[in-house]
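Asks: PDB, N, CA and C atoms, saved as data-v7.pdb, coming up:
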ATOM      1  N   MET A 252     -51.502  -4.209 -27.715
ATOM      2  CA  MET A 252     -50.083  -4.436 -27.879
ATOM      3  C   MET A 252     -49.849  -5.708 -28.669
ATOM      4  N   SER A 253     -48.955  -5.613 -29.565
ATOM      5  CA  SER A 253     -48.666  -6.805 -30.353
ATOM      6  C   SER A 253     -47.715  -7.708 -29.575
ATOM      7  N   LYS A 254     -47.695  -8.963 -29.976
ATOM      8  CA  LYS A 254     -46.846  -9.940 -29.310
ATOM      9  C   LYS A 254     -45.363  -9.582 -29.487
ATOM     10  N   LYS A 255     -44.994  -9.090 -30.645
ATOM     11  CA  LYS A 255     -43.612  -8.721 -30.937
ATOM     12  C   LYS A 255     -43.151  -7.593 -30.010
ATOM     13  N   THR A 256     -43.992  -6.621 -29.803
ATOM     14  CA  THR A 256     -43.636  -5.498 -28.946
ATOM     15  C   THR A 256     -43.446  -5.968 -27.506
ATOM     16  N   LEU A 257     -44.308  -6.831 -27.040
ATOM     17  CA  LEU A 257     -44.192  -7.364 -25.687
ATOM     18  C   LEU A 257     -42.907  -8.179 -25.537
ATOM     19  N   GLU A 258     -42.580  -8.976 -26.535
ATOM     20  CA  GLU A 258     -41.345  -9.766 -26.489
ATOM     21  C   GLU A 258     -40.121  -8.847 -26.498
ATOM     22  N   ASP A 259     -40.190  -7.765 -27.280
ATOM     23  CA  ASP A 259     -39.087  -6.804 -27.308
ATOM     24  C   ASP A 259     -38.910  -6.128 -25.951
ATOM     25  N   ARG A 260     -40.015  -5.783 -25.334
ATOM     26  CA  ARG A 260     -39.947  -5.130 -24.029
ATOM     27  C   ARG A 260     -39.381  -6.067 -22.966
ATOM     28  N   ILE A 261     -39.788  -7.325 -23.021
ATOM     29  CA  ILE A 261     -39.277  -8.313 -22.064
ATOM     30  C   ILE A 261     -37.774  -8.523 -22.281
ATOM     31  N   ALA A 262     -37.365  -8.622 -23.547
ATOM     32  CA  ALA A 262     -35.948  -8.786 -23.851
ATOM     33  C   ALA A 262     -35.152  -7.579 -23.357
ATOM     34  N   ASP A 263     -35.703  -6.379 -23.537
ATOM     35  CA  ASP A 263     -35.046  -5.169 -23.072
ATOM     36  C   ASP A 263     -34.913  -5.180 -21.549
ATOM     37  N   LEU A 264     -35.963  -5.582 -20.867
ATOM     38  CA  LEU A 264     -35.910  -5.661 -19.409
ATOM     39  C   LEU A 264     -34.894  -6.696 -18.937
ATOM     40  N   GLU A 265     -34.817  -7.810 -19.631
ATOM     41  CA  GLU A 265     -33.848  -8.845 -19.269
ATOM     42  C   GLU A 265     -32.415  -8.344 -19.450
ATOM     43  N   MET A 266     -32.173  -7.586 -20.532
ATOM     44  CA  MET A 266     -30.838  -7.017 -20.748
ATOM     45  C   MET A 266     -30.503  -6.006 -19.660
ATOM     46  N   ARG A 267     -31.462  -5.179 -19.308
ATOM     47  CA  ARG A 267     -31.238  -4.190 -18.251
ATOM     48  C   ARG A 267     -30.943  -4.877 -16.920
ATOM     49  N   LEU A 268     -31.679  -5.927 -16.629
ATOM     50  CA  LEU A 268     -31.473  -6.661 -15.390
ATOM     51  C   LEU A 268     -30.077  -7.283 -15.352
ATOM     52  N   ALA A 269     -29.667  -7.862 -16.463
ATOM     53  CA  ALA A 269     -28.330  -8.461 -16.529
ATOM     54  C   ALA A 269     -27.258  -7.386 -16.341
ATOM     55  N   PHE A 270     -27.437  -6.238 -16.965
ATOM     56  CA  PHE A 270     -26.490  -5.132 -16.819
ATOM     57  C   PHE A 270     -26.437  -4.649 -15.371
ATOM     58  N   GLN A 271     -27.608  -4.503 -14.750
ATOM     59  CA  GLN A 271     -27.664  -4.047 -13.360
ATOM     60  C   GLN A 271     -27.002  -5.052 -12.424
ATOM     61  N   ASP A 272     -27.209  -6.333 -12.667
ATOM     62  CA  ASP A 272     -26.547  -7.357 -11.853
ATOM     63  C   ASP A 272     -25.034  -7.238 -11.962
ATOM     64  N   ASP A 273     -24.552  -7.011 -13.167
ATOM     65  CA  ASP A 273     -23.111  -6.854 -13.372
ATOM     66  C   ASP A 273     -22.588  -5.621 -12.641
ATOM     67  N   VAL A 274     -23.309  -4.528 -12.729
ATOM     68  CA  VAL A 274     -22.895  -3.295 -12.054
ATOM     69  C   VAL A 274     -22.904  -3.497 -10.538
ATOM     70  N   ILE A 275     -23.924  -4.139 -10.012
ATOM     71  CA  ILE A 275     -24.007  -4.389  -8.567
ATOM     72  C   ILE A 275     -22.843  -5.256  -8.110
ATOM     73  N   ASN A 276     -22.513  -6.294  -8.847
ATOM     74  CA  ASN A 276     -21.391  -7.156  -8.480
ATOM     75  C   ASN A 276     -20.071  -6.392  -8.527
ATOM     76  N   THR A 277     -19.891  -5.567  -9.547
ATOM     77  CA  THR A 277     -18.669  -4.763  -9.660
ATOM     78  C   THR A 277     -18.553  -3.794  -8.494
ATOM     79  N   LEU A 278     -19.639  -3.127  -8.155
ATOM     80  CA  LEU A 278     -19.625  -2.188  -7.034
ATOM     81  C   LEU A 278     -19.381  -2.909  -5.711
ATOM     82  N   SER A 279     -19.961  -4.062  -5.541
ATOM     83  CA  SER A 279     -19.758  -4.840  -4.324
ATOM     84  C   SER A 279     -18.289  -5.229  -4.166
ATOM     85  N   GLU A 280     -17.670  -5.654  -5.250
ATOM     86  CA  GLU A 280     -16.246  -5.995  -5.202
ATOM     87  C   GLU A 280     -15.409  -4.769  -4.852
ATOM     88  N   GLN A 281     -15.760  -3.635  -5.410
ATOM     89  CA  GLN A 281     -15.022  -2.409  -5.147
ATOM     90  C   GLN A 281     -15.162  -1.994  -3.689
ATOM     91  N   VAL A 282     -16.353  -2.099  -3.142
ATOM     92  CA  VAL A 282     -16.577  -1.756  -1.737
ATOM     93  C   VAL A 282     -15.765  -2.680  -0.836
ATOM     94  N   THR A 283     -15.716  -3.951  -1.170
ATOM     95  CA  THR A 283     -14.935  -4.916  -0.391
ATOM     96  C   THR A 283     -13.455  -4.548  -0.416
ATOM     97  N   LYS A 284     -12.932  -4.204  -1.590
ATOM     98  CA  LYS A 284     -11.527  -3.810  -1.702
ATOM     99  C   LYS A 284     -11.250  -2.545  -0.891
ATOM    100  N   GLN A 285     -12.158  -1.586  -0.960
ATOM    101  CA  GLN A 285     -11.962  -0.339  -0.228
ATOM    102  C   GLN A 285     -12.005  -0.575   1.275
ATOM    103  N   GLU A 286     -12.874  -1.462   1.717
ATOM    104  CA  GLU A 286     -12.937  -1.772   3.144
ATOM    105  C   GLU A 286     -11.627  -2.405   3.614
ATOM    106  N   MET A 287     -11.057  -3.279   2.812
ATOM    107  CA  MET A 287      -9.775  -3.886   3.158
ATOM    108  C   MET A 287      -8.673  -2.827   3.195
ATOM    109  N   ASP A 288      -8.697  -1.898   2.231
ATOM    110  CA  ASP A 288      -7.716  -0.811   2.211
ATOM    111  C   ASP A 288      -7.846   0.063   3.455
ATOM    112  N   ILE A 289      -9.076   0.362   3.839
ATOM    113  CA  ILE A 289      -9.312   1.198   5.020
ATOM    114  C   ILE A 289      -8.803   0.499   6.274
ATOM    115  N   ARG A 290      -9.068  -0.793   6.390
ATOM    116  CA  ARG A 290      -8.566  -1.535   7.555
ATOM    117  C   ARG A 290      -7.040  -1.531   7.588
ATOM    118  N   GLU A 291      -6.426  -1.703   6.433
ATOM    119  CA  GLU A 291      -4.967  -1.683   6.361
ATOM    120  C   GLU A 291      -4.426  -0.314   6.759
ATOM    121  N   LEU A 292      -5.086   0.744   6.307
ATOM    122  CA  LEU A 292      -4.658   2.096   6.675
ATOM    123  C   LEU A 292      -4.818   2.351   8.171
ATOM    124  N   TRP A 293      -5.902   1.869   8.762
ATOM    125  CA  TRP A 293      -6.101   2.034  10.204
ATOM    126  C   TRP A 293      -5.025   1.295  10.984
ATOM    127  N   ASP A 294      -4.673   0.090  10.535
ATOM    128  CA  ASP A 294      -3.604  -0.656  11.199
ATOM    129  C   ASP A 294      -2.274   0.084  11.091
ATOM    130  N   ALA A 295      -1.990   0.640   9.921
ATOM    131  CA  ALA A 295      -0.760   1.403   9.730
ATOM    132  C   ALA A 295      -0.766   2.648  10.613
ATOM    133  N   LYS A 296      -1.900   3.298  10.738
ATOM    134  CA  LYS A 296      -2.020   4.481  11.589
ATOM    135  C   LYS A 296      -1.761   4.119  13.048
ATOM    136  N   ARG A 297      -2.342   3.017  13.504
ATOM    137  CA  ARG A 297      -2.111   2.587  14.880
ATOM    138  C   ARG A 297      -0.626   2.295  15.123
ATOM    139  N   LEU A 298      -0.002   1.606  14.180
ATOM    140  CA  LEU A 298       1.412   1.282  14.310
ATOM    141  C   LEU A 298       2.255   2.554  14.343
ATOM    142  N   MET A 299       1.977   3.500  13.454
ATOM    143  CA  MET A 299       2.726   4.753  13.426
ATOM    144  C   MET A 299       2.520   5.542  14.711
ATOM    145  N   HIS A 300       1.302   5.538  15.220
ATOM    146  CA  HIS A 300       1.008   6.238  16.466
ATOM    147  C   HIS A 300       1.821   5.627  17.617
ATOM    148  N   GLN A 301       1.848   4.296  17.686
ATOM    149  CA  GLN A 301       2.611   3.625  18.729
ATOM    150  C   GLN A 301       4.100   3.907  18.588
ATOM    151  N   GLN A 302       4.610   3.854  17.360
ATOM    152  CA  GLN A 302       6.021   4.143  17.135
ATOM    153  C   GLN A 302       6.358   5.578  17.513
ATOM    154  N   LEU A 303       5.462   6.504  17.210
ATOM    155  CA  LEU A 303       5.686   7.905  17.571
ATOM    156  C   LEU A 303       5.712   8.072  19.085
ATOM    157  N   LYS A 304       4.830   7.386  19.783
ATOM    158  CA  LYS A 304       4.829   7.453  21.244
ATOM    159  C   LYS A 304       6.123   6.871  21.806
ATOM    160  N   ASP A 305       6.638   5.818  21.191
ATOM    161  CA  ASP A 305       7.876   5.197  21.670
ATOM    162  C   ASP A 305       9.088   6.088  21.406
ATOM    163  N   VAL A 306       9.096   6.783  20.278
ATOM    164  CA  VAL A 306      10.237   7.618  19.901
ATOM    165  C   VAL A 306      10.244   8.930  20.670
ATOM    166  N   ALA A 307       9.101   9.534  20.824
ATOM    167  CA  ALA A 307       9.006  10.843  21.474
ATOM    168  C   ALA A 307       8.124  10.723  22.715
ATOM    169  N   PRO A 308       8.695  10.261  23.827
ATOM    170  CA  PRO A 308       7.877  10.138  25.032
ATOM    171  C   PRO A 308       7.443  11.512  25.534
ATOM    172  N   SER A 309       6.447  11.511  26.346
ATOM    173  CA  SER A 309       5.896  12.753  26.878
ATOM    174  C   SER A 309       6.905  13.435  27.798
ATOM    175  N   ASN A 310       6.877  14.755  27.840
ATOM    176  CA  ASN A 310       7.742  15.511  28.751
ATOM    177  C   ASN A 310       7.188  15.525  30.168
ATOM    178  N   ILE A 311       6.008  15.041  30.344
ATOM    179  CA  ILE A 311       5.392  15.014  31.667
ATOM    180  C   ILE A 311       5.852  13.751  32.389
ATOM    181  N   ARG A 312       6.402  13.925  33.572
ATOM    182  CA  ARG A 312       6.864  12.776  34.347
ATOM    183  C   ARG A 312       5.691  12.067  35.009
ATOM    184  N   ARG A 313       5.937  10.790  35.282
ATOM    185  CA  ARG A 313       4.929  10.050  36.034
ATOM    186  C   ARG A 313       4.925  10.582  37.462
ATOM    187  N   GLU A 314       3.855  10.362  38.164
ATOM    188  CA  GLU A 314       3.706  10.907  39.509
ATOM    189  C   GLU A 314       4.779  10.375  40.455
ATOM    190  N   ASP A 315       5.141   9.112  40.357
ATOM    191  CA  ASP A 315       6.155   8.548  41.259
ATOM    192  C   ASP A 315       7.568   9.031  40.928
ATOM    193  N   GLU A 316       7.770   9.646  39.763
ATOM    194  CA  GLU A 316       9.079  10.189  39.403
ATOM    195  C   GLU A 316       9.248  11.654  39.827
ATOM    196  N   GLU A 317       8.147  12.294  40.150
ATOM    197  CA  GLU A 317       8.196  13.712  40.528
ATOM    198  C   GLU A 317       8.813  13.869  41.917
ATOM    199  N   THR A 318       9.597  14.923  42.075
ATOM    200  CA  THR A 318      10.112  15.251  43.415
ATOM    201  C   THR A 318       9.010  15.989  44.159
ATOM    202  N   PRO A 319       8.932  15.770  45.448
ATOM    203  CA  PRO A 319       7.863  16.444  46.209
ATOM    204  C   PRO A 319       8.077  17.958  46.202
ATOM    205  N   PRO A 320       7.002  18.699  46.327
ATOM    206  CA  PRO A 320       7.123  20.163  46.375
ATOM    207  C   PRO A 320       7.919  20.594  47.608
ATOM    208  N   PRO A 321       8.466  21.810  47.602
ATOM    209  CA  PRO A 321       9.342  22.255  48.691
ATOM    210  C   PRO A 321       8.673  22.302  50.068
ATOM    211  N   HIS A 322       7.379  22.426  50.149
ATOM    212  CA  HIS A 322       6.722  22.552  51.453
ATOM    213  C   HIS A 322       6.565  21.206  52.151
ATOM    214  N   TYR A 323       7.036  20.108  51.581
ATOM    215  CA  TYR A 323       6.962  18.795  52.238
ATOM    216  C   TYR A 323       8.124  18.604  53.130
TER     217      TYR A 323
END
Write the structure described by the file as structure tokens, please.

Replies:
Amino acid sequence: MSKKTLEDRIADLEMRLAFQDDVINTLSEQVTKQEMDIRELWDAKRLMHQQLKDVAPSNIRREDEETPPPHY
């Protein structure tokens, strides 16, 4: 192998490494943003669930609100 070819190969590897580092950083940032979005959506879901429970209470009465059966 000539020295020029080896230097070209090393330069090519260095460029690939730099490109891969950039891609990894970009993907990492994207994953972080998506995780924040998911957490925000879960919080919104919890809030909506609580609001729905407050607006439309269950038709089932609590035990202390029930009238005793006729045989009592």

Asks: Could you tell me how far atom N of Arg267 in chain A lies from CA of Thr283 in chain A, in Å and to one decimal?

Replies: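 The value is 25.1 Å.
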
Asks: Please give the centre and size of the box around range 295-299 of chain A (axis-aligned, containing every atom listed in the file, 4 Å added per side), with values in Å to one decimal and written as lines of an AutoDock Vina configuration file.

Replies:
center_x = 0.2
center_y = 3.1
center_z = 12.4
size_x = 13.1
size_y = 12.9
size_z = 13.4

Asks: Between CA of Glu316 in chain A and atom C of Leu303 in chain A, measure the distance and give it in Å to one decimal.

Replies: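 Interatomic distance here is 20.7 Å.
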
Asks: Which of chain A end up as alpha helix (DSSP H) when DSSP is run on this backbone - answer as a PyMOL selection string?

Replies: chain A and resi 254-306

Asks: Between CA of Glu314 in chain A and CA of Met299 in chain A, what is the distance in Å, rounded to a tenth?

Replies: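 CA of Met299 in chain A lies at a distance of 26.8 Å from CA of Glu314 in chain A.
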